[in-house]
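One file, protein_17.tsv, is given below (TSV, C-alpha atoms).
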chain	number	residue	atom	x	y	z
A	1	MET	CA	-11.81	220.48	10.21
A	2	MET	CA	-12.00	217.41	8.01
A	3	GLU	CA	-9.76	214.36	8.05
A	4	ILE	CA	-9.43	211.38	5.73
A	5	SER	CA	-7.03	208.48	6.08
A	6	THR	CA	-6.13	205.13	4.62
A	7	ASN	CA	-3.75	202.21	5.22
A	8	GLU	CA	-2.08	200.26	2.43
A	9	ASP	CA	0.13	197.21	2.80
A	10	ILE	CA	2.90	197.20	0.20
A	11	ALA	CA	5.00	194.20	-0.78
A	12	ALA	CA	8.28	196.15	-0.63
A	13	PRO	CA	10.75	197.16	2.11
A	14	SER	CA	10.16	200.48	3.87
A	15	ASP	CA	13.47	201.92	2.60
A	16	TYR	CA	12.37	201.37	-0.99
A	17	VAL	CA	8.87	202.77	-0.38
A	18	PHE	CA	10.32	205.89	1.26
A	19	GLU	CA	12.79	206.34	-1.60
A	20	CYS	CA	9.86	206.32	-4.06
A	21	LEU	CA	7.87	208.72	-1.88
A	22	SER	CA	10.88	211.06	-1.90
A	23	ASP	CA	11.13	211.16	-5.70
A	24	PHE	CA	9.64	214.63	-5.99
A	25	GLN	CA	10.72	215.11	-9.59
A	26	SER	CA	8.36	212.32	-10.64
A	27	PHE	CA	5.52	213.92	-8.63
A	28	GLU	CA	6.27	217.30	-10.22
A	29	LYS	CA	6.16	215.74	-13.70
A	30	ALA	CA	2.87	213.96	-12.92
A	31	ALA	CA	1.35	217.26	-11.71
A	32	LEU	CA	2.54	219.03	-14.87
A	33	ARG	CA	0.92	216.32	-17.01
A	34	ARG	CA	-2.37	217.02	-15.22
A	35	GLY	CA	-2.17	220.74	-15.97
A	36	ALA	CA	-0.70	222.03	-12.72
A	37	ASN	CA	2.24	224.39	-12.53
A	38	VAL	CA	4.81	223.25	-9.94
A	39	GLN	CA	7.94	225.13	-8.97
A	40	ARG	CA	10.37	224.44	-6.14
A	41	VAL	CA	11.11	227.72	-4.38
A	42	ASP	CA	13.52	226.91	-1.54
A	43	GLU	CA	17.26	227.36	-1.94
A	44	ALA	CA	18.36	223.96	-0.63
A	45	GLU	CA	19.90	221.57	-3.12
A	46	LYS	CA	19.15	218.50	-1.04
A	47	LEU	CA	15.64	217.37	-0.21
A	48	GLY	CA	14.69	217.63	3.44
A	49	GLN	CA	12.58	219.38	6.02
A	50	GLY	CA	11.85	222.92	4.87
A	51	ALA	CA	11.68	222.16	1.14
A	52	GLN	CA	8.99	224.32	-0.47
A	53	TRP	CA	7.00	224.40	-3.68
A	54	GLU	CA	4.50	226.79	-5.26
A	55	VAL	CA	1.69	225.01	-7.08
A	56	GLY	CA	-0.90	226.50	-9.39
A	57	PHE	CA	-3.89	224.51	-10.66
A	58	SER	CA	-7.55	224.81	-11.55
A	59	PHE	CA	-10.21	223.50	-9.15
A	60	ARG	CA	-13.94	223.88	-9.73
A	61	GLY	CA	-13.18	226.12	-12.69
A	62	LYS	CA	-11.12	228.61	-10.70
A	63	PRO	CA	-7.35	229.07	-10.63
A	64	ARG	CA	-5.82	228.13	-7.28
A	65	ASP	CA	-2.36	228.82	-5.89
A	66	ILE	CA	-0.93	227.01	-2.91
A	67	LYS	CA	2.38	226.80	-1.10
A	68	VAL	CA	3.54	223.36	-0.05
A	69	GLU	CA	6.22	222.76	2.57
A	70	LEU	CA	7.85	219.55	3.71
A	71	VAL	CA	7.41	219.96	7.49
A	72	GLU	CA	8.55	216.50	8.68
A	73	TYR	CA	11.10	214.26	7.03
A	74	ALA	CA	12.41	211.12	8.74
A	75	PRO	CA	13.86	208.77	6.09
A	76	SER	CA	12.26	205.31	5.98
A	77	GLU	CA	9.72	206.36	8.63
A	78	GLN	CA	7.56	209.38	7.86
A	79	ALA	CA	7.03	212.60	5.96
A	80	ALA	CA	4.48	215.38	6.35
A	81	TYR	CA	3.55	218.17	3.98
A	82	LYS	CA	1.67	221.36	4.80
A	83	ALA	CA	-0.24	223.12	2.03
A	84	ILE	CA	-1.62	226.63	2.48
A	85	GLY	CA	-3.71	228.62	0.04
A	86	GLN	CA	-7.08	230.19	-0.67
A	87	GLY	CA	-7.87	230.36	3.06
A	88	MET	CA	-7.38	226.62	3.46
A	89	GLU	CA	-4.68	224.69	5.28
A	90	ALA	CA	-4.04	220.99	4.72
A	91	VAL	CA	-1.52	218.60	6.23
A	92	MET	CA	-0.70	215.26	4.61
A	93	GLN	CA	1.09	212.83	6.91
A	94	ILE	CA	2.64	209.64	5.55
A	95	GLU	CA	3.94	207.07	8.01
A	96	LEU	CA	5.69	203.84	7.02
A	97	VAL	CA	5.48	200.88	9.37
A	98	PRO	CA	7.73	197.92	8.51
A	99	MET	CA	5.66	194.72	8.77
A	100	SER	CA	8.61	192.52	7.77
A	101	ARG	CA	11.78	192.85	5.68
A	102	THR	CA	9.70	192.77	2.50
A	103	ARG	CA	6.37	194.31	3.57
A	104	THR	CA	5.48	197.86	4.61
A	105	ARG	CA	2.26	199.45	5.81
A	106	MET	CA	1.76	202.99	4.53
A	107	VAL	CA	-0.58	205.04	6.73
A	108	THR	CA	-1.69	208.25	5.01
A	109	THR	CA	-3.75	210.95	6.70
A	110	VAL	CA	-4.92	214.25	5.25
A	111	SER	CA	-6.46	216.87	7.52
A	112	MET	CA	-7.94	220.11	6.20
A	113	ASP	CA	-8.92	223.25	8.05
A	114	ALA	CA	-10.57	226.43	6.78
A	115	LYS	CA	-9.29	229.88	7.75
A	116	THR	CA	-11.78	232.09	5.87
A	117	LEU	CA	-15.52	232.09	5.30
A	118	SER	CA	-15.24	231.08	1.65
A	119	ALA	CA	-12.86	228.27	2.61
A	120	ARG	CA	-15.34	227.14	5.27
A	121	LEU	CA	-18.05	226.92	2.62
A	122	LEU	CA	-15.75	224.86	0.39
A	123	LEU	CA	-14.81	222.60	3.30
A	124	GLN	CA	-18.48	222.15	4.19
A	125	SER	CA	-19.24	220.99	0.64
A	126	LEU	CA	-16.29	218.60	0.85
A	127	LYS	CA	-17.64	217.22	4.13
A	128	LEU	CA	-20.97	216.50	2.45
A	129	ALA	CA	-19.12	214.41	-0.14
A	130	LYS	CA	-16.71	212.86	2.39
A	131	GLY	CA	-17.75	209.28	1.59
A	132	GLN	CA	-16.99	209.74	-2.10
A	133	ILE	CA	-13.78	211.64	-1.38
A	134	ASN	CA	-12.59	208.96	1.05
A	135	LYS	CA	-13.37	206.20	-1.45
A	136	ARG	CA	-11.52	208.06	-4.21
A	137	PHE	CA	-8.55	208.74	-1.90
A	138	GLU	CA	-8.37	205.08	-0.86
A	139	GLY	CA	-8.45	204.07	-4.53
A	140	MET	CA	-5.64	206.46	-5.45
A	141	MET	CA	-3.45	205.27	-2.59
A	142	ALA	CA	-4.17	201.60	-3.43
A	143	ASP	CA	-3.20	202.25	-7.07
A	144	TYR	CA	0.00	203.96	-5.96
A	145	ALA	CA	0.81	201.05	-3.63
A	146	ARG	CA	0.34	198.53	-6.48
A	147	GLN	CA	2.60	200.63	-8.74
A	148	LEU	CA	5.31	200.60	-6.09
A	149	GLU	CA	4.98	196.82	-5.74
A	150	LYS	CA	5.32	196.32	-9.50
A	151	ARG	CA	8.37	198.59	-9.70
A	152	HIS	CA	9.99	196.78	-6.78
A	153	ALA	CA	9.22	193.35	-8.28
A	154	ARG	CA	10.97	194.40	-11.54
A	155	LEU	CA	14.09	195.33	-9.55
A	156	THR	CA	14.32	192.05	-7.65

For this file, write the structure as structure tokens.
Amino acid sequence: MMEISTNEDIAAPSDYVFECLSDFQSFEKAALRRGANVQRVDEAEKLGQGAQWEVGFSFRGKPRDIKVELVEYAPSEQAAYKAIGQGMEAVMQIELVPMSRTRTRMVTTVSMDAKTLSARLLLQSLKLAKGQINKRFEGMMADYARQLEKRHARLT
């Protein structure tokens, strides 16, 4: 098992941050721009616990297919996604902690576990590069936090 996490303080209220985190159409479009194929597969019209997507992408030169499910959904507080595919299982937990009316701490944790031998080998190579992966993950989350701040500042 491998786990990475980061905290980001965002100059925006938790309701706004959660609303942005729940804008799955923008995430789907961003994934499509990066070459992934994303398709929502559940029957529900409204977003909530149980929403599911099938995602196809290329990683290390090989096509990968995963299923993603929204397993926890508490508006303005937290969301968790479970991704399963290629013998690997990952859970991404996002928790929002209001620091004040205009400031929110976003705590993001990703834990990965291997279910097959080939997945264990992949996970082992990821563990060897954990420092780089953690640094990259922190950078991505910091960039996302700054984008949210800029969008919120334009609205107010």

Nearest to Leu21 (chain A), chosen from A:Ala83, A:Ala74, A:Ala129, A:Ala114, with all atoms listed in the file counted in the distances: A:Ala74

Sel. within 12 Å of pt (2.9, 197.7, 8.6), counting all atoms listed in the file, output as a PyMOL selection string: chain A and resi 7-14+17+77+95-107

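Going from CA of Tyr16 (chain A) to CA of Phe137 (chain A) covers 22.2 Å.
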
Å distance separating CA of Ala80 (chain A) from CA of Lys29 (chain A), one decimal place: 20.1 Å

Length of the CA of Ser76 (chain A) to CA of Phe18 (chain A) vector [Å]: 5.1 Å

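Of the residues listed (A:Ser111, A:Gln147, A:Gln124, A:Gln132), A:Ser111 shows the shortest atom-to-atom separation from Ser5 (chain A); distances use only C-alpha atoms.
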
Distance query Ile66 (chain A) at most 12 Å, all atoms listed in the file, self and fewer than 4 positions along chain excluded, as an NGL selection string: :A and (36-39 or 52-59 or 82-90)

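Nearest-residue note for Ser125 (chain A): choosing from A:Val91, A:Arg60, A:Arg33, A:Arg154, the minimum distance belongs to A:Arg60, counting all atoms listed in the file.
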
Could you work out an axis-aligned bounding box for all listed atoms of region 135-149 of chain A, with 8 Å added on each of the six sides, and give its centre and edge lengths in Å to one decimal, as JSON?
{"center_x": -4.0, "center_y": 202.8, "center_z": -4.8, "size_x": 34.7, "size_y": 27.9, "size_z": 23.9}

Residue nearest Leu123 (chain A) among A:Ala31, A:Glu3, A:Lys67, A:Ile94 (counting only C-alpha atoms): A:Glu3

Please fill the gaps in region 115-134 of chain A so it has N, CA, C and O atoms, and write that as an mmCIF file, in the coordinates of the input.
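Wrote result-v1.cif, looks like this:
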data_model
loop_
_atom_site.group_PDB
_atom_site.id
_atom_site.type_symbol
_atom_site.label_atom_id
_atom_site.label_comp_id
_atom_site.auth_asym_id
_atom_site.auth_seq_id
_atom_site.Cartn_x
_atom_site.Cartn_y
_atom_site.Cartn_z
ATOM 1 N N LYS A 115 -9.666 228.661 7.025
ATOM 2 C CA LYS A 115 -9.290 229.880 7.750
ATOM 3 C C LYS A 115 -10.156 231.083 7.386
ATOM 4 O O LYS A 115 -10.120 232.092 8.070
ATOM 5 N N THR A 116 -10.920 230.987 6.295
ATOM 6 C CA THR A 116 -11.780 232.090 5.870
ATOM 7 C C THR A 116 -13.200 231.571 5.651
ATOM 8 O O THR A 116 -13.420 230.356 5.568
ATOM 9 N N LEU A 117 -14.129 232.483 5.515
ATOM 10 C CA LEU A 117 -15.520 232.090 5.300
ATOM 11 C C LEU A 117 -15.696 231.321 4.003
ATOM 12 O O LEU A 117 -16.352 230.280 3.979
ATOM 13 N N SER A 118 -15.098 231.800 2.916
ATOM 14 C CA SER A 118 -15.240 231.080 1.650
ATOM 15 C C SER A 118 -14.607 229.694 1.716
ATOM 16 O O SER A 118 -15.133 228.737 1.154
ATOM 17 N N ALA A 119 -13.500 229.580 2.435
ATOM 18 C CA ALA A 119 -12.860 228.270 2.610
ATOM 19 C C ALA A 119 -13.745 227.357 3.464
ATOM 20 O O ALA A 119 -13.809 226.158 3.222
ATOM 21 N N ARG A 120 -14.431 227.937 4.440
ATOM 22 C CA ARG A 120 -15.340 227.140 5.270
ATOM 23 C C ARG A 120 -16.489 226.577 4.436
ATOM 24 O O ARG A 120 -16.920 225.447 4.628
ATOM 25 N N LEU A 121 -16.984 227.391 3.511
ATOM 26 C CA LEU A 121 -18.050 226.920 2.620
ATOM 27 C C LEU A 121 -17.553 225.777 1.732
ATOM 28 O O LEU A 121 -18.256 224.782 1.538
ATOM 29 N N LEU A 122 -16.338 225.921 1.210
ATOM 30 C CA LEU A 122 -15.750 224.860 0.390
ATOM 31 C C LEU A 122 -15.562 223.594 1.227
ATOM 32 O O LEU A 122 -15.922 222.499 0.800
ATOM 33 N N LEU A 123 -15.034 223.749 2.420
ATOM 34 C CA LEU A 123 -14.810 222.600 3.300
ATOM 35 C C LEU A 123 -16.135 221.927 3.661
ATOM 36 O O LEU A 123 -16.224 220.699 3.710
ATOM 37 N N GLN A 124 -17.167 222.719 3.872
ATOM 38 C CA GLN A 124 -18.480 222.150 4.190
ATOM 39 C C GLN A 124 -18.987 221.302 3.026
ATOM 40 O O GLN A 124 -19.527 220.214 3.226
ATOM 41 N N SER A 125 -18.801 221.779 1.791
ATOM 42 C CA SER A 125 -19.240 220.990 0.640
ATOM 43 C C SER A 125 -18.404 219.716 0.505
ATOM 44 O O SER A 125 -18.920 218.672 0.105
ATOM 45 N N LEU A 126 -17.138 219.794 0.872
ATOM 46 C CA LEU A 126 -16.290 218.600 0.850
ATOM 47 C C LEU A 126 -16.751 217.599 1.912
ATOM 48 O O LEU A 126 -16.751 216.390 1.678
ATOM 49 N N LYS A 127 -17.154 218.104 3.065
ATOM 50 C CA LYS A 127 -17.640 217.220 4.130
ATOM 51 C C LYS A 127 -18.895 216.472 3.695
ATOM 52 O O LYS A 127 -19.085 215.310 4.037
ATOM 53 N N LEU A 128 -19.755 217.153 2.930
ATOM 54 C CA LEU A 128 -20.970 216.500 2.450
ATOM 55 C C LEU A 128 -20.650 215.351 1.497
ATOM 56 O O LEU A 128 -21.404 214.396 1.402
ATOM 57 N N ALA A 129 -19.524 215.452 0.811
ATOM 58 C CA ALA A 129 -19.120 214.410 -0.140
ATOM 59 C C ALA A 129 -17.986 213.555 0.435
ATOM 60 O O ALA A 129 -17.260 212.890 -0.310
ATOM 61 N N LYS A 130 -17.842 213.548 1.759
ATOM 62 C CA LYS A 130 -16.710 212.860 2.390
ATOM 63 C C LYS A 130 -16.633 211.379 2.025
ATOM 64 O O LYS A 130 -15.555 210.846 1.794
ATOM 65 N N GLY A 131 -17.752 210.703 1.955
ATOM 66 C CA GLY A 131 -17.750 209.280 1.590
ATOM 67 C C GLY A 131 -17.131 209.056 0.225
ATOM 68 O O GLY A 131 -16.283 208.183 0.047
ATOM 69 N N GLN A 132 -17.546 209.859 -0.751
ATOM 70 C CA GLN A 132 -16.990 209.740 -2.100
ATOM 71 C C GLN A 132 -15.516 210.118 -2.128
ATOM 72 O O GLN A 132 -14.716 209.465 -2.783
ATOM 73 N N ILE A 133 -15.170 211.189 -1.409
ATOM 74 C CA ILE A 133 -13.780 211.640 -1.380
ATOM 75 C C ILE A 133 -12.894 210.579 -0.738
ATOM 76 O O ILE A 133 -11.810 210.274 -1.228
ATOM 77 N N ASN A 134 -13.362 209.995 0.363
ATOM 78 C CA ASN A 134 -12.590 208.960 1.050
ATOM 79 C C ASN A 134 -12.394 207.736 0.147
ATOM 80 O O ASN A 134 -11.301 207.175 0.076
#
